[in-house]
file upload.txt (compact mmCIF, C-alpha atoms)
# COMPACT_ATOMS: atom_id res chain seq x y z
CA MET K 20 116.07 -30.77 6.55
CA THR K 21 117.74 -31.52 9.84
CA ASP K 22 120.72 -33.74 10.38
CA PRO K 23 119.56 -36.88 12.34
CA SER K 24 122.84 -36.92 14.26
CA HIS K 25 121.90 -33.64 15.92
CA GLN K 26 118.44 -34.65 17.08
CA THR K 27 117.96 -34.75 20.81
CA LEU K 28 116.27 -37.65 22.49
CA ASP K 29 113.02 -37.11 24.28
CA SER K 30 113.86 -37.70 27.94
CA ALA K 31 110.31 -38.83 28.69
CA LYS K 32 110.64 -41.67 26.17
CA THR K 33 114.17 -42.75 27.09
CA ALA K 34 114.17 -42.41 30.88
CA ALA K 35 114.24 -45.59 32.89
CA PRO K 36 111.03 -46.35 34.71
CA PRO K 37 111.07 -45.16 38.29
CA ALA K 38 112.34 -47.72 40.77
CA ARG K 39 109.70 -49.24 43.01
CA THR K 40 110.65 -48.12 46.46
CA GLY K 41 108.90 -47.26 49.66
CA PRO K 42 106.03 -48.98 51.43
CA GLY K 43 104.59 -50.52 48.26
CA ALA K 44 107.84 -52.29 47.40
CA LEU K 45 108.30 -53.39 51.00
CA ARG K 46 104.78 -54.77 51.07
CA LEU K 47 105.35 -56.68 47.84
CA ALA K 48 108.67 -58.10 49.09
CA LEU K 49 107.08 -59.24 52.34
CA LEU K 50 104.20 -60.87 50.46
CA GLY K 51 106.82 -62.74 48.43
CA LEU K 52 108.58 -63.89 51.61
CA VAL K 53 105.28 -65.19 52.99
CA ALA K 54 104.68 -67.12 49.77
CA ILE K 55 108.20 -68.60 49.94
CA GLY K 56 107.65 -69.51 53.60
CA ILE K 57 104.38 -71.27 52.80
CA GLY K 58 105.97 -73.17 49.92
CA GLY K 59 109.02 -74.14 52.00
CA ALA K 60 106.93 -75.34 54.94
CA ALA K 61 104.66 -77.34 52.63
CA PHE K 62 107.67 -78.96 50.99
CA GLU K 63 109.20 -79.82 54.38
CA LEU K 64 105.94 -81.30 55.66
CA ALA K 65 105.52 -83.37 52.50
CA ALA K 66 109.13 -84.56 52.58
CA GLU K 67 108.66 -85.67 56.20
CA ARG K 68 105.31 -87.29 55.35
CA HIS K 69 103.77 -85.25 58.13
CA TRP K 70 100.23 -86.59 57.93
CA GLY K 71 100.24 -89.81 59.98
CA SER K 72 97.84 -88.62 62.68
CA PRO K 73 95.23 -85.90 63.20
CA VAL K 74 97.75 -83.84 65.22
CA GLN K 75 100.15 -83.95 62.27
CA LEU K 76 97.45 -82.34 60.10
CA ILE K 77 97.49 -79.15 62.21
CA PRO K 78 100.38 -77.55 60.29
CA TRP K 79 98.64 -78.36 57.01
CA ALA K 80 95.56 -76.49 58.25
CA ALA K 81 97.83 -73.63 59.35
CA LEU K 82 99.32 -73.49 55.85
CA LEU K 83 95.81 -73.32 54.40
CA LEU K 84 95.03 -70.40 56.73
CA LEU K 85 98.29 -68.66 55.77
CA GLY K 86 97.54 -69.12 52.06
CA THR K 87 94.05 -67.71 52.54
CA ALA K 88 95.42 -64.71 54.44
CA LEU K 89 98.07 -64.14 51.78
CA ALA K 90 95.47 -64.19 49.00
CA LEU K 91 93.25 -61.78 50.92
CA LEU K 92 96.11 -59.33 51.55
CA ALA K 93 97.25 -59.48 47.95
CA GLY K 94 93.75 -58.64 46.76
CA ARG K 95 92.24 -56.01 49.03
CA ASP K 96 93.20 -53.64 51.76
CA SER K 97 89.87 -52.96 53.47
CA PRO K 98 89.57 -52.84 57.26
CA ARG K 99 87.48 -56.02 57.23
CA VAL K 100 90.12 -57.90 55.23
CA LEU K 101 92.88 -56.64 57.53
CA THR K 102 90.94 -57.87 60.57
CA VAL K 103 90.42 -61.32 59.03
CA VAL K 104 94.10 -61.54 58.07
CA ARG K 105 95.17 -60.59 61.60
CA VAL K 106 92.87 -63.20 63.16
CA LEU K 107 94.13 -65.90 60.78
CA ALA K 108 97.73 -64.94 61.54
CA ALA K 109 97.04 -65.10 65.29
CA VAL K 110 95.52 -68.58 64.92
CA VAL K 111 98.60 -69.73 63.01
CA LEU K 112 100.86 -68.23 65.69
CA LEU K 113 99.02 -70.25 68.35
CA ALA K 114 99.26 -73.41 66.23
CA SER K 115 102.97 -72.76 65.79
CA LEU K 116 103.51 -72.41 69.54
CA TYR K 117 101.60 -75.65 70.04
CA GLY K 118 103.86 -77.30 67.45
CA VAL K 119 107.04 -76.15 69.16
CA PHE K 120 105.75 -77.38 72.53
CA THR K 121 104.66 -80.72 71.05
CA HIS K 122 108.01 -81.29 69.36
CA VAL K 123 109.95 -80.44 72.51
CA SER K 124 107.67 -82.67 74.62
CA VAL K 125 108.14 -85.61 72.24
CA ASN K 126 111.90 -85.13 72.36
CA ARG K 127 111.83 -84.97 76.16
CA GLY K 128 109.85 -88.21 76.25
CA MET K 129 112.54 -89.87 74.15
CA GLY K 130 115.07 -89.02 76.84
CA ALA K 131 113.46 -91.55 79.17
CA PHE K 132 115.17 -94.30 77.16
CA ASP K 133 118.55 -93.03 78.38
CA PRO K 134 119.46 -94.53 81.79
CA ALA K 135 121.13 -91.27 82.90
CA TRP K 136 118.05 -89.17 82.02
CA GLY K 137 116.58 -89.31 85.52
CA SER K 138 119.75 -87.86 87.03
CA LEU K 139 119.47 -84.68 84.93
CA SER K 140 117.67 -81.63 86.27
CA PRO K 141 114.30 -80.85 84.66
CA LEU K 142 115.77 -77.66 83.18
CA THR K 143 118.58 -79.65 81.56
CA GLN K 144 116.08 -82.21 80.25
CA TRP K 145 113.96 -79.49 78.65
CA TRP K 146 117.07 -77.83 77.21
CA TYR K 147 118.25 -81.11 75.66
CA ALA K 148 114.76 -81.65 74.24
CA PHE K 149 114.60 -78.12 72.81
CA THR K 150 118.07 -78.30 71.25
CA LYS K 151 117.27 -81.75 69.81
CA SER K 152 120.13 -83.32 71.77
CA VAL K 153 117.57 -86.04 72.46
CA GLY K 154 114.74 -87.04 70.13
CA ASN K 155 114.21 -86.44 66.42
CA ALA K 156 111.38 -83.88 66.34
CA PRO K 157 112.67 -80.51 65.05
CA PRO K 158 111.38 -77.93 67.55
CA LEU K 159 112.04 -74.96 65.28
CA ALA K 160 110.23 -76.37 62.23
CA PRO K 161 106.90 -74.94 63.42
CA GLY K 162 108.72 -71.62 63.62
CA MET K 163 108.45 -71.40 59.83
CA LEU K 164 104.70 -71.04 60.29
CA ALA K 165 105.16 -68.42 63.00
CA GLN K 166 107.54 -66.44 60.80
CA SER K 167 105.06 -66.31 57.94
CA ALA K 168 102.25 -65.36 60.33
CA LEU K 169 104.33 -62.55 61.82
CA LEU K 170 105.18 -61.28 58.34
CA LEU K 171 101.45 -61.19 57.54
CA LEU K 172 100.87 -59.14 60.68
CA ILE K 173 103.58 -56.71 59.60
CA ILE K 174 102.15 -56.47 56.09
CA SER K 175 98.72 -55.75 57.53
CA THR K 176 100.13 -52.53 58.99
CA ILE K 177 101.53 -51.30 55.64
CA ARG K 178 98.88 -49.53 53.61
CA ARG K 179 98.90 -49.24 49.86
CA HIS K 180 99.58 -45.77 48.51
CA ARG K 181 96.53 -44.11 47.03
CA GLY K 182 98.27 -44.02 43.67
CA GLN K 183 99.24 -47.69 43.77
CA PRO K 184 96.69 -49.71 41.85
CA ALA K 185 95.12 -52.71 43.49
CA PRO K 186 95.29 -56.02 41.60
CA GLU K 187 92.62 -56.75 39.00
CA GLY K 188 91.67 -53.09 38.64
CA ARG K 189 90.17 -52.81 42.14
CA ARG K 190 90.81 -49.67 44.10
CA ALA K 191 92.61 -49.78 47.44
CA ARG K 192 90.49 -48.44 50.29
call {"tool": "encode", "arguments": {"input": "upload.txt", "output": "structure tokens"}}
result
Amino acid sequence: MTDPSHQTLDSAKTAAPPARTGPGALRLALLGLVAIGIGGAAFELAAERHWGSPVQLIPWAALLLLGTALALLAGRDSPRVLTVVRVLAAVVLLASLYGVFTHVSVNRGMGAFDPAWGSLSPLTQWWYAFTKSVGNAPPLAPGMLAQSALLLLIISTIRRHRGQPAPEGRRAR
């Protein structure tokens, strides 16, 4: 009979699970950041009641595209999926650039109500519009969409490890 106080512990049973590091962990973290970006942008758009005209629906469509791309990237890693994700991200990037330009243009138009506006150089007018010194449209708000789209492009370059299981039992290709 052995004394239980002298038994050694099986290191395989007591060792901490290996930390998730490397490309797989980076990919997962970036997917999480995209999800947070989508949620944050949706909340901001809803709080601003950003649906009063067809043009104001563009960022909602961009969020739908981002969500679709996120779901595709979380599920599969095939070349076809990566191509679709990259195209969707590029479309969102273009929509984001359009949003920044639209916001700055609206702000610049608001400057016309200031009697001194005409005496400013065009460069100064655009700068004031971009920095929201005039007007209420936030020029960097569409940047949230661009950030999420750029993160999706980065994720599309990070491949799953062969040993990393794909969600729902599918195999990564």
call {"tool": "closest_residue", "arguments": {"input": "upload.txt", "among": "K:Leu139, K:Val123, K:Pro134, K:Ile177", "to": "K:Pro158", "atoms": "all atoms listed in the file"}}
result
K:Val123
call {"tool": "closest_atom_pairs", "arguments": {"input": "upload.txt", "of": "stretch 78-191 of chain K", "to": "stretch 53-62 of chain K", "cutoff": "8 Å", "atoms": "only C-alpha atoms", "output": "JSON lines"}}
result
{"residue": "K:Trp79", "atom": "CA", "partner": "K:Ala61", "partner_atom": "CA", "distance": 7.5}
{"residue": "K:Leu82", "atom": "CA", "partner": "K:Ile57", "partner_atom": "CA", "distance": 6.3}
{"residue": "K:Leu85", "atom": "CA", "partner": "K:Ile57", "partner_atom": "CA", "distance": 7.3}
{"residue": "K:Gly86", "atom": "CA", "partner": "K:Ile57", "partner_atom": "CA", "distance": 7.2}
{"residue": "K:Leu89", "atom": "CA", "partner": "K:Val53", "partner_atom": "CA", "distance": 7.4}
{"residue": "K:Met163", "atom": "CA", "partner": "K:Ala60", "partner_atom": "CA", "distance": 6.5}
{"residue": "K:Leu164", "atom": "CA", "partner": "K:Ala60", "partner_atom": "CA", "distance": 7.2}
{"residue": "K:Gln166", "atom": "CA", "partner": "K:Gly56", "partner_atom": "CA", "distance": 7.8}
{"residue": "K:Ser167", "atom": "CA", "partner": "K:Val53", "partner_atom": "CA", "distance": 5.1}
{"residue": "K:Ala168", "atom": "CA", "partner": "K:Val53", "partner_atom": "CA", "distance": 7.9}
{"residue": "K:Leu170", "atom": "CA", "partner": "K:Val53", "partner_atom": "CA", "distance": 6.6}
{"residue": "K:Leu171", "atom": "CA", "partner": "K:Val53", "partner_atom": "CA", "distance": 7.2}
call {"tool": "atom_distance", "arguments": {"input": "upload.txt", "atom1": "atom CA of K:Ser115", "atom2": "atom CA of K:Ser175"}}
result
19.4 Å
call {"tool": "atom_distance", "arguments": {"input": "upload.txt", "atom1": "atom CA of K:Asn155", "atom2": "atom CA of K:Val110"}}
result
25.9 Å
call {"tool": "closest_residue", "arguments": {"input": "upload.txt", "among": "K:Thr150, K:Thr87, K:Asn126, K:Ser97", "to": "K:Val111", "atoms": "only C-alpha atoms"}}
result
K:Thr87
call {"tool": "closest_residue", "arguments": {"input": "upload.txt", "among": "K:Trp136, K:Pro78, K:Leu50, K:Gly94", "to": "K:Glu63", "atoms": "only C-alpha atoms"}}
result
K:Pro78
call {"tool": "decode", "arguments": {"input": "upload.txt", "residues": "stretch 43-88 of chain K", "atoms": "N, CA and C atoms", "output": "compact mmCIF listing (two decimals), in the first residue's frame"}}
result
# COMPACT_ATOMS: atom_id res chain seq x y z
N GLY K 43 -3.57 32.07 -35.42
CA GLY K 43 -4.95 31.72 -35.08
C GLY K 43 -5.54 32.65 -34.04
N ALA K 44 -4.76 32.98 -33.02
CA ALA K 44 -5.24 33.89 -31.98
C ALA K 44 -5.39 35.31 -32.53
N LEU K 45 -4.45 35.71 -33.38
CA LEU K 45 -4.53 37.03 -34.00
C LEU K 45 -5.78 37.14 -34.87
N ARG K 46 -6.02 36.10 -35.63
CA ARG K 46 -7.20 36.07 -36.50
C ARG K 46 -8.48 36.19 -35.67
N LEU K 47 -8.56 35.44 -34.59
CA LEU K 47 -9.73 35.47 -33.73
C LEU K 47 -9.91 36.85 -33.09
N ALA K 48 -8.82 37.45 -32.65
CA ALA K 48 -8.89 38.79 -32.05
C ALA K 48 -9.36 39.82 -33.07
N LEU K 49 -8.85 39.73 -34.29
CA LEU K 49 -9.27 40.67 -35.33
C LEU K 49 -10.74 40.48 -35.71
N LEU K 50 -11.19 39.23 -35.76
CA LEU K 50 -12.61 38.97 -36.01
C LEU K 50 -13.47 39.62 -34.92
N GLY K 51 -13.00 39.52 -33.68
CA GLY K 51 -13.71 40.15 -32.57
C GLY K 51 -13.76 41.67 -32.72
N LEU K 52 -12.65 42.27 -33.14
CA LEU K 52 -12.62 43.72 -33.35
C LEU K 52 -13.58 44.15 -34.46
N VAL K 53 -13.67 43.34 -35.51
CA VAL K 53 -14.62 43.65 -36.58
C VAL K 53 -16.05 43.61 -36.04
N ALA K 54 -16.35 42.59 -35.26
CA ALA K 54 -17.69 42.47 -34.67
C ALA K 54 -18.00 43.67 -33.77
N ILE K 55 -17.03 44.08 -32.97
CA ILE K 55 -17.23 45.25 -32.11
C ILE K 55 -17.43 46.51 -32.96
N GLY K 56 -16.65 46.64 -34.03
CA GLY K 56 -16.80 47.79 -34.92
C GLY K 56 -18.16 47.84 -35.57
N ILE K 57 -18.66 46.70 -36.00
CA ILE K 57 -19.99 46.64 -36.61
C ILE K 57 -21.05 47.02 -35.59
N GLY K 58 -20.94 46.46 -34.40
CA GLY K 58 -21.92 46.78 -33.34
C GLY K 58 -21.86 48.26 -32.95
N GLY K 59 -20.66 48.80 -32.82
CA GLY K 59 -20.52 50.21 -32.45
C GLY K 59 -21.06 51.14 -33.52
N ALA K 60 -20.78 50.85 -34.77
CA ALA K 60 -21.29 51.68 -35.87
C ALA K 60 -22.81 51.60 -35.95
N ALA K 61 -23.36 50.40 -35.77
CA ALA K 61 -24.82 50.24 -35.80
C ALA K 61 -25.46 51.03 -34.66
N PHE K 62 -24.86 50.97 -33.49
CA PHE K 62 -25.40 51.73 -32.35
C PHE K 62 -25.36 53.23 -32.63
N GLU K 63 -24.23 53.70 -33.17
CA GLU K 63 -24.09 55.13 -33.47
C GLU K 63 -25.10 55.57 -34.51
N LEU K 64 -25.27 54.78 -35.56
CA LEU K 64 -26.25 55.13 -36.60
C LEU K 64 -27.67 55.15 -36.03
N ALA K 65 -27.99 54.19 -35.19
CA ALA K 65 -29.33 54.16 -34.59
C ALA K 65 -29.53 55.33 -33.64
N ALA K 66 -28.52 55.65 -32.85
CA ALA K 66 -28.63 56.77 -31.91
C ALA K 66 -28.81 58.10 -32.64
N GLU K 67 -28.21 58.22 -33.82
CA GLU K 67 -28.33 59.44 -34.62
C GLU K 67 -29.56 59.41 -35.53
N ARG K 68 -30.32 58.32 -35.48
CA ARG K 68 -31.48 58.13 -36.35
C ARG K 68 -31.09 58.39 -37.82
N HIS K 69 -30.07 57.69 -38.23
CA HIS K 69 -29.45 57.87 -39.53
C HIS K 69 -30.18 57.04 -40.58
N TRP K 70 -31.43 57.42 -40.86
CA TRP K 70 -32.21 56.71 -41.86
C TRP K 70 -33.24 57.62 -42.54
N GLY K 71 -33.03 58.92 -42.48
CA GLY K 71 -34.01 59.89 -42.98
C GLY K 71 -34.07 60.02 -44.49
N SER K 72 -33.08 59.53 -45.21
CA SER K 72 -33.08 59.64 -46.67
C SER K 72 -32.38 58.41 -47.24
N PRO K 73 -32.55 58.18 -48.54
CA PRO K 73 -31.87 57.02 -49.15
C PRO K 73 -30.35 57.06 -48.97
N VAL K 74 -29.75 58.26 -49.03
CA VAL K 74 -28.30 58.37 -48.85
C VAL K 74 -27.91 57.94 -47.45
N GLN K 75 -28.76 58.21 -46.47
CA GLN K 75 -28.45 57.82 -45.09
C GLN K 75 -28.57 56.32 -44.87
N LEU K 76 -29.11 55.60 -45.83
CA LEU K 76 -29.20 54.14 -45.71
C LEU K 76 -27.92 53.44 -46.20
N ILE K 77 -27.04 54.19 -46.87
CA ILE K 77 -25.80 53.59 -47.38
C ILE K 77 -24.97 52.95 -46.27
N PRO K 78 -24.75 53.62 -45.13
CA PRO K 78 -23.95 52.94 -44.10
C PRO K 78 -24.64 51.71 -43.52
N TRP K 79 -25.96 51.68 -43.53
CA TRP K 79 -26.66 50.48 -43.08
C TRP K 79 -26.38 49.32 -44.03
N ALA K 80 -26.40 49.61 -45.34
CA ALA K 80 -26.06 48.57 -46.32
C ALA K 80 -24.61 48.13 -46.15
N ALA K 81 -23.73 49.08 -45.87
CA ALA K 81 -22.31 48.75 -45.65
C ALA K 81 -22.17 47.84 -44.42
N LEU K 82 -22.94 48.11 -43.38
CA LEU K 82 -22.88 47.24 -42.19
C LEU K 82 -23.38 45.83 -42.52
N LEU K 83 -24.39 45.75 -43.36
CA LEU K 83 -24.88 44.43 -43.79
C LEU K 83 -23.79 43.68 -44.56
N LEU K 84 -23.09 44.39 -45.43
CA LEU K 84 -21.99 43.76 -46.17
C LEU K 84 -20.86 43.32 -45.23
N LEU K 85 -20.53 44.19 -44.25
CA LEU K 85 -19.49 43.83 -43.28
C LEU K 85 -19.90 42.60 -42.48
N GLY K 86 -21.15 42.55 -42.04
CA GLY K 86 -21.63 41.40 -41.28
C GLY K 86 -21.58 40.12 -42.10
N THR K 87 -21.94 40.23 -43.37
CA THR K 87 -21.88 39.07 -44.26
C THR K 87 -20.44 38.60 -44.42
N ALA K 88 -19.53 39.55 -44.65
CA ALA K 88 -18.12 39.19 -44.81
C ALA K 88 -17.56 38.56 -43.53
